[in-house]
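A short worksheet on the structure shown next.
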Amino acid sequence: MKKKFLSLALALMMLLSLVACGGNNNDTPANNTPDTPPVEDNTPDTPDEPEDDGSLIPFTYDEDEVYDNVLGEFYEVYQKALAAPTTDERIALMGLAEGKLMGAGVMIPLTTHGGAYALRHTVPLSGSTIMWGNDPDRFHSIMVTNEMVTVEDWNAMKAIWAEVRGTGTYRDEAKAYLEEHGYTLGDTYNYPYTSDPATWDGLATQKQADSRAIIQTMDNLVEYDCENVMQPALAESWEVNDDYTVFTFHIRQGVNWVDSQGRTIAPIVADDWVAGYQHMIDANGASALTLNLVKGAMDYAEGTNPDFSAVGVKAVDEYTLEITLDNPCTYFMTYLTYSTVASPMCRSYYESHGGKFGADYDPSAADYTYGLDTDNIAYSGPYLVTNHTEKSMIVFQANPAWWNAENLETTTVNWRFDDGTDSTKSYQDFKAGTVTNVGLNSSTIETAKADGLYDGYNTVSDTDSTSFVGFLNVNRRAFVNFDDATKLVSPQSHESADEIDVDNGVVTSDIVDDAARTHVAMNNKNFRLALCMSMDHATRNAQSVGEELKLVSLRNSYTPGNFAYLENEVTVEVNGTPTTFAAGTAFGAIAQAQLDADGIPVKVWDDATGLSDGFDGWYNPTASVEFLEKAIEELAASNCEITAENPIYVDLPFLESDDNYSNMAHSVQQSVEETTGGRIKVNLVGGAQQDWYSAGYDASYGFESNYDIYDLSGWGPDYGDPSTYLDTMLPDGAGYMAKCIGLY
């Protein structure tokens, strides 16, 4: 069930119709104390026409109306894609939906992982690099070298991988190359981490900060190997029926659950997947990924049928698992590499730690301890957690009971906490031998050169499928952090936050005034596009990776353009015009066709490189000014004047303790204000790491998002279909990332 409550900031928004646009209105009654909050009214009834007295005519804060206003066109095309009769038509329509999403201007694509200089003690491509799921986060197959890998050897081994990929021989080939060239292998990987898991219950979370650690302790039915070929894991074999609706898995026998001390708990059996899937739905984990696929799952989740035996996840016998879908899904197997979709849970262990199912599930119960720490989970994966000291270290040691223990390449993985306050710490740790790999940034490149560690060793890391974007909050209702009202307070147009009395929960009317104008502007498409095109992405990225590599990791779309391709020619309507796309057409090319048809001068696909990466397709000062002029004309109808003397203010939180992030934030401020002639002003709201996270990343609901622009969040795909990205922007709480634009 979606939870809603009225925050103080939302209460303030009820006063917006009383606020004048032209300046501060300090006479607004301060009747908004938290003792008597007004009642939330989200009904879509048509309000009376306001008198045109020169005051701001506010835009609604109703979530559904705001969604329809900013993403209605995307949603309409996307629904057609989901109902498409063929896979090719589905992909083509999803490409058009991607174009509509980009054209809505609710997010600014920024970067992806990688594309930076790095120094390494690991073998290239010794872990999975598949574009979706959690397998790329696994450490067990990564080979660590005692010697730093040279650029020459790094590139040579990558060439070997490309030559033998799919043969199952790369690991042996790489080891032979290493021995021939004087390398020796180690067994310990030292990894810097920035955020502790909030839970160790892998089935009750959707956050990468949690799952990246938990995935080391649990195994799935299948797993992609280092050549990106799906291999058996806890399922030693499987069959699929002709119409891709029934998937039958034969569970590996003789494998046991163990506790954190390595003591046997129980055999791993088919019923563990039944228990795991039910718990995942009960806990509102990543179940949304498959609720619309698995037979009866949605009915159970919504309470229509609380009988879990009607759900299509069944133990046919002790070692046979059957998953039944409502409709055919040819890519269903790709879901199974995401840590929380097809992972088992030991039913007896869960129940012994206070766990219950269905209506009885209550994680707040006094006797519920499952997943609270590393001593309260059962292990099925390659590692046991032998030490977790918050904001210090997590130690993973080899699990001798793991089914594939004899092939474990890295027996110890040490995670060492880095709070981000020192941009040179990881480099210094690398030199000291306490970090295995390190990315070089603008603060450490010159140091590495002086230390003799740059020439001959600096490799460029590969990019991946994670898309980091700058989200625009189109329905902002928070001006202090949800978990600490003294942190990251919005200044709006003020030099300080003195007007906000956080102790008494009062925000003065002039703060509300600026927020009201920003809200009206943010709900104007031309204004959003003007803002998106005013940001110099390359210069921003250069603050982190350096001038030479500033373009490499730039991403220009939400779904990477090379994520899917048409197998057959298909004809679909683009804005009502039948348009044919040839077999082999990339997803990104279709998204570009939609943007071109809509007259939006944004480049999200490069035919020459076959990528959505490696160029800045958004920064366009001329187009930004043109869209801003259109917005100014349209917003005048709402009595919202925008001039250099009366600009729109937008808040951008950033990590002020890190030089790279601070420089990036100032770069954004400079390019936006210069491009728009000061008619859009960027307030830089600095804070410590946790303050920065709490402003958006840690928020559970849209109304908790305390920013106008936020560049910390992103999305990595969970399975091998473009819907893994596009589903995240669905309405009504179904889209996990819609909260990042202030909704649901």
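Residue numbering restarts at 1 for every chain of the structure tokens, chains are lettered A, B, ... in their displayed order, and ligands are numbered from 1 as they appear.
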Selection: 8 Å around segment 125-132 of chain A, only C-alpha atoms, excl. self and same-chain fewer than 4 positions, as a CSV table (one decimal) with N, CA and C atoms, in the first residue's frame:
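This is the output file part_25.csv:
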chain,number,residue,atom,x,y,z
A,136,PRO,N,27.6,-8.3,-12.2
A,136,PRO,CA,28.8,-7.5,-12.3
A,136,PRO,C,29.3,-7.0,-10.9
A,138,ARG,N,29.6,-9.0,-8.3
A,138,ARG,CA,30.1,-10.1,-7.6
A,138,ARG,C,31.7,-10.1,-7.6
A,139,PHE,N,32.3,-10.5,-6.5
A,139,PHE,CA,33.8,-10.5,-6.5
A,139,PHE,C,34.4,-11.9,-6.6
A,141,SER,N,34.8,-14.2,-8.8
A,141,SER,CA,35.5,-14.6,-10.0
A,141,SER,C,36.6,-13.6,-10.4
A,142,ILE,N,36.7,-12.5,-9.7
A,142,ILE,CA,37.7,-11.5,-10.1
A,142,ILE,C,39.1,-12.0,-9.7
A,143,MET,N,40.1,-11.9,-10.6
A,143,MET,CA,41.4,-12.3,-10.4
A,143,MET,C,42.3,-11.1,-10.0
A,158,LYS,N,42.4,-7.9,-22.8
A,158,LYS,CA,41.1,-7.5,-23.3
A,158,LYS,C,40.9,-8.0,-24.7
A,161,TRP,N,40.1,-11.7,-24.6
A,161,TRP,CA,38.7,-11.9,-24.2
A,161,TRP,C,37.8,-11.7,-25.4
A,171,ARG,N,39.3,-17.5,-18.9
A,171,ARG,CA,40.0,-17.5,-17.6
A,171,ARG,C,41.4,-18.3,-17.7
A,224,TYR,N,25.7,-15.1,-14.8
A,224,TYR,CA,26.5,-14.8,-16.0
A,224,TYR,C,28.0,-15.0,-15.6
A,225,ASP,N,28.8,-15.7,-16.4
A,225,ASP,CA,30.2,-15.8,-16.2
A,225,ASP,C,30.9,-14.6,-16.7
A,226,CYS,N,32.3,-14.7,-16.7
A,226,CYS,CA,33.1,-13.6,-17.1
A,226,CYS,C,33.0,-13.3,-18.6
A,227,GLU,N,32.5,-14.3,-19.4
A,227,GLU,CA,32.3,-14.1,-20.8
A,227,GLU,C,30.9,-13.7,-21.1
A,228,ASN,N,30.1,-13.4,-20.1
A,228,ASN,CA,28.7,-13.0,-20.2
A,228,ASN,C,27.8,-14.0,-20.8
A,334,THR,N,16.5,-13.3,-17.9
A,334,THR,CA,17.4,-12.2,-17.5
A,334,THR,C,17.0,-11.6,-16.2
A,337,THR,N,19.1,-12.9,-12.7
A,337,THR,CA,20.4,-12.5,-12.2
A,337,THR,C,20.4,-11.3,-11.3
A,338,TYR,N,19.2,-10.8,-11.0
A,338,TYR,CA,19.0,-9.7,-10.1
A,338,TYR,C,18.9,-10.3,-8.7
A,464,ASP,N,29.7,1.4,-18.4
A,464,ASP,CA,28.7,0.3,-18.3
A,464,ASP,C,27.3,0.8,-18.5
A,465,SER,N,26.3,0.1,-18.1
A,465,SER,CA,24.9,0.4,-18.4
A,465,SER,C,24.2,1.3,-17.3
A,563,PHE,N,21.3,-0.8,-25.9
A,563,PHE,CA,20.8,-1.8,-25.0
A,563,PHE,C,19.9,-2.8,-25.7
A,716,GLY,N,20.6,1.5,-12.7
A,716,GLY,CA,21.3,0.4,-13.4
A,716,GLY,C,20.2,-0.7,-13.7
A,717,PRO,N,20.3,-1.3,-14.9
A,717,PRO,CA,19.2,-2.2,-15.3
A,717,PRO,C,19.2,-3.5,-14.5
A,718,ASP,N,18.0,-4.1,-14.3
A,718,ASP,CA,17.8,-5.3,-13.5
A,718,ASP,C,17.7,-6.5,-14.4
A,719,TYR,N,17.3,-6.3,-15.6
A,719,TYR,CA,17.1,-7.4,-16.6
A,719,TYR,C,17.2,-6.9,-18.0
A,720,GLY,N,17.2,-7.8,-19.0
A,720,GLY,CA,17.6,-7.5,-20.3
A,720,GLY,C,16.5,-7.0,-21.2
Could you check how far atom CA of Val123 of chain A sits from atom CA of His388 of chain A, in Å to one decimal?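 The value is 27.2 Å.
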List the spatial neighbours of Ser612 of chain A as an mmCIF file with N, CA, C and O atoms, in the first residue's frame - criterion: any atom at most 7 Å away, only C-alpha atoms, same-chain residues fewer than 6 positions off excluded.
data_model
loop_
_atom_site.group_PDB
_atom_site.id
_atom_site.type_symbol
_atom_site.label_atom_id
_atom_site.label_comp_id
_atom_site.auth_asym_id
_atom_site.auth_seq_id
_atom_site.Cartn_x
_atom_site.Cartn_y
_atom_site.Cartn_z
ATOM 1 N N ARG A 555 26.836 10.341 -20.785
ATOM 2 C CA ARG A 555 25.693 9.596 -21.338
ATOM 3 C C ARG A 555 24.611 10.599 -21.705
ATOM 4 O O ARG A 555 24.419 11.596 -21.007
ATOM 5 N N ASN A 556 23.885 10.308 -22.767
ATOM 6 C CA ASN A 556 22.913 11.274 -23.274
ATOM 7 C C ASN A 556 21.482 10.770 -23.265
ATOM 8 O O ASN A 556 20.592 11.423 -23.803
ATOM 9 N N SER A 557 21.264 9.597 -22.661
ATOM 10 C CA SER A 557 19.917 9.049 -22.577
ATOM 11 C C SER A 557 19.772 8.321 -21.252
ATOM 12 O O SER A 557 20.756 8.108 -20.530
ATOM 13 N N PRO A 560 20.485 3.200 -22.270
ATOM 14 C CA PRO A 560 21.581 3.273 -23.244
ATOM 15 C C PRO A 560 21.093 2.893 -24.635
ATOM 16 O O PRO A 560 20.316 1.949 -24.814
ATOM 17 N N GLY A 561 21.547 3.617 -25.621
ATOM 18 C CA GLY A 561 21.059 3.408 -26.981
ATOM 19 C C GLY A 561 21.399 2.059 -27.566
ATOM 20 O O GLY A 561 20.723 1.582 -28.488
ATOM 21 N N GLY A 588 18.578 3.392 -29.475
ATOM 22 C CA GLY A 588 18.888 4.814 -29.417
ATOM 23 C C GLY A 588 18.530 5.561 -30.686
ATOM 24 O O GLY A 588 18.139 6.732 -30.642
ATOM 25 N N VAL A 604 20.840 12.079 -28.724
ATOM 26 C CA VAL A 604 20.961 10.968 -27.786
ATOM 27 C C VAL A 604 21.599 9.742 -28.432
ATOM 28 O O VAL A 604 21.800 8.728 -27.758
ATOM 29 N N TRP A 605 21.914 9.809 -29.728
ATOM 30 C CA TRP A 605 22.454 8.645 -30.431
ATOM 31 C C TRP A 605 23.412 9.086 -31.519
ATOM 32 O O TRP A 605 23.156 10.048 -32.244
ATOM 33 N N ASP A 606 24.543 8.376 -31.605
ATOM 34 C CA ASP A 606 25.536 8.657 -32.636
ATOM 35 C C ASP A 606 25.648 7.434 -33.532
ATOM 36 O O ASP A 606 26.144 6.378 -33.114
#
Computed gap from atom CA of Lys681 of chain A to atom CA of Glu65 of chain A is 26.8 Å
Atomic separation - atom CA of Trp715 of chain A relative to atom CA of Val574 of chain A, Å: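 Value for the atom CA of Val574 of chain A-atom CA of Trp715 of chain A distance: 26.8 Å.
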Using DSSP on the backbone coordinates, identify all residues within segment 54-139 of chain A classified as strand (DSSP E or B); present the result as a list in words. Met107, Ile108, Pro109, Leu110, Thr111, Tyr117, Ala118, Leu119 and Thr122 of chain A
Pull N, CA, C and O atoms from the residues just selected and write them as a short mmCIF file (atom, residue, chain, number, x, y, z; two decimals), in the first residue's frame.
data_model
loop_
_atom_site.label_atom_id
_atom_site.label_comp_id
_atom_site.auth_asym_id
_atom_site.auth_seq_id
_atom_site.Cartn_x
_atom_site.Cartn_y
_atom_site.Cartn_z
N MET A 107 14.63 15.06 -16.64
CA MET A 107 15.94 14.59 -16.20
C MET A 107 16.99 15.03 -17.20
O MET A 107 16.71 15.21 -18.39
N ILE A 108 18.20 15.24 -16.71
CA ILE A 108 19.33 15.63 -17.54
C ILE A 108 20.32 14.47 -17.51
O ILE A 108 20.99 14.25 -16.50
N PRO A 109 20.42 13.68 -18.57
CA PRO A 109 21.42 12.60 -18.56
C PRO A 109 22.81 13.18 -18.34
O PRO A 109 23.18 14.20 -18.93
N LEU A 110 23.59 12.52 -17.48
CA LEU A 110 24.90 13.04 -17.13
C LEU A 110 26.02 12.08 -17.52
O LEU A 110 26.70 12.29 -18.51
N THR A 111 26.20 11.02 -16.75
CA THR A 111 27.34 10.14 -16.97
C THR A 111 26.94 8.69 -16.73
O THR A 111 25.82 8.39 -16.35
N TYR A 117 40.58 7.37 -15.83
CA TYR A 117 41.87 6.71 -15.67
C TYR A 117 41.85 5.90 -14.38
O TYR A 117 41.27 6.29 -13.37
N ALA A 118 42.51 4.74 -14.41
CA ALA A 118 42.55 3.88 -13.25
C ALA A 118 43.87 3.13 -13.19
O ALA A 118 44.49 2.84 -14.21
N LEU A 119 44.30 2.83 -11.97
CA LEU A 119 45.44 1.97 -11.71
C LEU A 119 44.91 0.69 -11.08
O LEU A 119 44.03 0.75 -10.21
N THR A 122 43.98 -5.89 -10.83
CA THR A 122 43.02 -6.93 -11.21
C THR A 122 43.13 -7.22 -12.70
O THR A 122 43.59 -6.39 -13.49
#
When DSSP works through the backbone of this structure, what residues of segment 271-345 of chain A end up as alpha helix (DSSP H), shown as number ranges by chain? A: 271-282, 297-302
Convert the current residue selection to file output with C-alpha atoms, as a PDB file, in the first residue's frame.
ATOM      1  CA  ASP A 271      10.718 -24.419  -1.164  1.00  0.00           C
ATOM      2  CA  ASP A 272      13.354 -21.807  -0.278  1.00  0.00           C
ATOM      3  CA  TRP A 273      12.470 -19.936  -3.484  1.00  0.00           C
ATOM      4  CA  VAL A 274       8.774 -20.103  -2.600  1.00  0.00           C
ATOM      5  CA  ALA A 275       9.511 -18.652   0.837  1.00  0.00           C
ATOM      6  CA  GLY A 276      11.836 -16.050  -0.653  1.00  0.00           C
ATOM      7  CA  TYR A 277       9.350 -14.810  -3.227  1.00  0.00           C
ATOM      8  CA  GLN A 278       6.543 -14.514  -0.680  1.00  0.00           C
ATOM      9  CA  HIS A 279       8.777 -12.642   1.736  1.00  0.00           C
ATOM     10  CA  MET A 280       9.964 -10.332  -1.022  1.00  0.00           C
ATOM     11  CA  ILE A 281       6.385  -9.321  -1.801  1.00  0.00           C
ATOM     12  CA  ASP A 282       5.509  -8.990   1.889  1.00  0.00           C
ATOM     13  CA  ALA A 297       1.645 -12.292  -7.832  1.00  0.00           C
ATOM     14  CA  MET A 298      -0.144  -8.980  -8.298  1.00  0.00           C
ATOM     15  CA  ASP A 299      -3.336 -10.320  -6.736  1.00  0.00           C
ATOM     16  CA  TYR A 300      -1.363 -11.422  -3.696  1.00  0.00           C
ATOM     17  CA  ALA A 301       0.547  -8.134  -3.456  1.00  0.00           C
ATOM     18  CA  GLU A 302      -2.621  -6.046  -3.646  1.00  0.00           C
TER      19      GLU A 302
END
Residue among A:Ala583, A:Leu82, A:Glu63, A:His250 lying closest to Asn292 of chain A, counting only C-alpha atoms: A:Leu82
Within 10 Å of Leu289 of chain A using only C-alpha atoms, minus same-chain residues under 3 positions, as a list in words: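 These residues fall inside the cut-off: Gly285, Ala286, Asn292, Leu293, Val294, Tyr335, Tyr338, Thr340, Val341, Asp718, Tyr719, Ser723, Thr724, Asp727, Thr728 and Ala734 of chain A.
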Atoms to include: all heavy atoms. Write the selected residues as a compact mmCIF listing (two decimals), in the first residue's frame.
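Printed below is result_0.txt as written:
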# COMPACT_ATOMS: atom_id res chain seq x y z
N GLY A 285 10.04 -5.59 -1.43
CA GLY A 285 11.41 -5.49 -1.94
C GLY A 285 11.40 -5.21 -3.43
O GLY A 285 10.72 -4.30 -3.89
N ALA A 286 12.11 -6.01 -4.19
CA ALA A 286 12.17 -5.80 -5.63
C ALA A 286 11.09 -6.57 -6.36
O ALA A 286 11.17 -6.81 -7.56
CB ALA A 286 13.53 -6.21 -6.16
N ASN A 292 3.90 -8.15 -12.36
CA ASN A 292 3.04 -8.20 -13.55
C ASN A 292 3.32 -9.41 -14.43
O ASN A 292 2.64 -9.61 -15.44
CB ASN A 292 3.21 -6.92 -14.38
CG ASN A 292 2.58 -5.72 -13.72
OD1 ASN A 292 1.47 -5.80 -13.22
ND2 ASN A 292 3.29 -4.61 -13.70
N LEU A 293 4.32 -10.19 -14.05
CA LEU A 293 4.70 -11.35 -14.85
C LEU A 293 4.25 -12.66 -14.22
O LEU A 293 3.62 -13.49 -14.88
CB LEU A 293 6.22 -11.37 -15.05
CG LEU A 293 6.84 -10.24 -15.87
CD1 LEU A 293 8.35 -10.34 -15.81
CD2 LEU A 293 6.37 -10.31 -17.32
N VAL A 294 4.58 -12.86 -12.96
CA VAL A 294 4.34 -14.14 -12.30
C VAL A 294 2.85 -14.30 -12.01
O VAL A 294 2.19 -13.39 -11.50
CB VAL A 294 5.15 -14.23 -11.00
CG1 VAL A 294 4.81 -15.51 -10.24
CG2 VAL A 294 6.64 -14.18 -11.31
N TYR A 335 15.77 -11.80 -15.74
CA TYR A 335 15.39 -11.31 -14.41
C TYR A 335 16.14 -12.06 -13.31
O TYR A 335 16.29 -11.55 -12.20
CB TYR A 335 13.89 -11.52 -14.17
CG TYR A 335 12.97 -10.52 -14.81
CD1 TYR A 335 12.47 -10.73 -16.08
CD2 TYR A 335 12.56 -9.39 -14.13
CE1 TYR A 335 11.59 -9.83 -16.67
CE2 TYR A 335 11.68 -8.48 -14.70
CZ TYR A 335 11.21 -8.70 -15.97
OH TYR A 335 10.34 -7.81 -16.54
N TYR A 338 19.17 -10.79 -11.02
CA TYR A 338 19.02 -9.69 -10.07
C TYR A 338 18.87 -10.30 -8.69
O TYR A 338 18.12 -11.25 -8.48
CB TYR A 338 17.79 -8.84 -10.43
CG TYR A 338 17.62 -7.61 -9.57
CD1 TYR A 338 18.66 -6.70 -9.41
CD2 TYR A 338 16.41 -7.35 -8.93
CE1 TYR A 338 18.50 -5.57 -8.63
CE2 TYR A 338 16.25 -6.21 -8.15
CZ TYR A 338 17.30 -5.33 -8.00
OH TYR A 338 17.14 -4.21 -7.23
N THR A 340 17.42 -9.93 -5.90
CA THR A 340 16.23 -10.10 -5.08
C THR A 340 15.02 -10.63 -5.83
O THR A 340 13.92 -10.63 -5.30
CB THR A 340 15.85 -8.75 -4.42
OG1 THR A 340 15.69 -7.77 -5.43
CG2 THR A 340 16.91 -8.30 -3.46
N VAL A 341 15.20 -11.08 -7.05
CA VAL A 341 14.06 -11.58 -7.81
C VAL A 341 13.94 -13.09 -7.74
O VAL A 341 12.85 -13.63 -7.56
CB VAL A 341 14.17 -11.14 -9.29
CG1 VAL A 341 13.10 -11.81 -10.13
CG2 VAL A 341 14.02 -9.63 -9.38
N ASP A 718 18.00 -4.05 -14.27
CA ASP A 718 17.82 -5.28 -13.50
C ASP A 718 17.65 -6.50 -14.39
O ASP A 718 17.83 -7.63 -13.93
CB ASP A 718 16.60 -5.17 -12.58
CG ASP A 718 16.73 -4.01 -11.60
OD1 ASP A 718 17.85 -3.79 -11.12
OD2 ASP A 718 15.73 -3.34 -11.33
N TYR A 719 17.28 -6.28 -15.64
CA TYR A 719 17.05 -7.39 -16.57
C TYR A 719 17.24 -6.89 -17.99
O TYR A 719 17.43 -5.69 -18.23
CB TYR A 719 15.67 -8.02 -16.37
CG TYR A 719 14.52 -7.03 -16.41
CD1 TYR A 719 13.84 -6.78 -17.60
CD2 TYR A 719 14.11 -6.34 -15.27
CE1 TYR A 719 12.80 -5.87 -17.66
CE2 TYR A 719 13.07 -5.43 -15.31
CZ TYR A 719 12.42 -5.20 -16.50
OH TYR A 719 11.38 -4.29 -16.55
N SER A 723 12.37 -2.03 -20.69
CA SER A 723 11.40 -1.69 -19.64
C SER A 723 12.06 -1.61 -18.27
O SER A 723 11.51 -0.99 -17.36
CB SER A 723 10.26 -2.71 -19.61
OG SER A 723 10.74 -4.01 -19.36
N THR A 724 13.24 -2.21 -18.12
CA THR A 724 13.93 -2.13 -16.83
C THR A 724 14.27 -0.69 -16.47
O THR A 724 14.38 -0.34 -15.29
CB THR A 724 15.19 -3.00 -16.83
OG1 THR A 724 15.73 -3.04 -15.52
CG2 THR A 724 16.24 -2.48 -17.80
N ASP A 727 10.19 1.44 -16.85
CA ASP A 727 9.23 1.15 -15.79
C ASP A 727 9.44 2.03 -14.57
O ASP A 727 8.50 2.27 -13.79
CB ASP A 727 9.34 -0.32 -15.35
CG ASP A 727 8.46 -1.24 -16.18
OD1 ASP A 727 7.73 -0.74 -17.05
OD2 ASP A 727 8.51 -2.47 -15.94
N THR A 728 10.65 2.51 -14.38
CA THR A 728 10.95 3.29 -13.17
C THR A 728 10.28 4.65 -13.18
O THR A 728 10.27 5.34 -12.15
CB THR A 728 12.47 3.49 -13.00
OG1 THR A 728 12.96 4.35 -14.03
CG2 THR A 728 13.19 2.16 -13.02
N ALA A 734 4.26 3.06 -8.88
CA ALA A 734 4.79 1.87 -9.54
C ALA A 734 6.20 2.10 -10.05
O ALA A 734 7.00 1.17 -10.13
CB ALA A 734 3.88 1.46 -10.70
Neighbours of Asp462 of chain A within 10 Å (only C-alpha atoms; same-chain residues fewer than 2 positions away dropped), as a PyMOL selection string? chain A and resi 112-117+124-125+129+459-460+464+552-553
Need the shell around segment 699-710 of chain A: protein/DNA/RNA residues with any atom at most 7 Å away, counting only C-alpha atoms. Skip same-chain ones fewer than 2 positions apart. Format as a list in words?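 The residues that qualify are Gly470, Phe471, Leu472, Asn473, Arg476, Arg477, Ala478, Phe479, Val480, Asn481, Phe482, Val650, Asp651, Leu652, Pro653, Ser694, Ala695, Gly696, Tyr697, Leu712, Lys739, Cys740, Ile741, Gly742, Leu743 and Tyr744 of chain A.
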Quick one: residues within 8 Å of Asn327 of chain A, only C-alpha atoms, excluding same-chain residues fewer than 2 positions away - as number ranges by chain? A: 244-245, 293, 325, 329
Considering only C-alpha atoms, can you say which of A:Lys314, A:Lys425, A:Arg252, A:Lys100 comes closest to Pro192 of chain A? A:Lys425
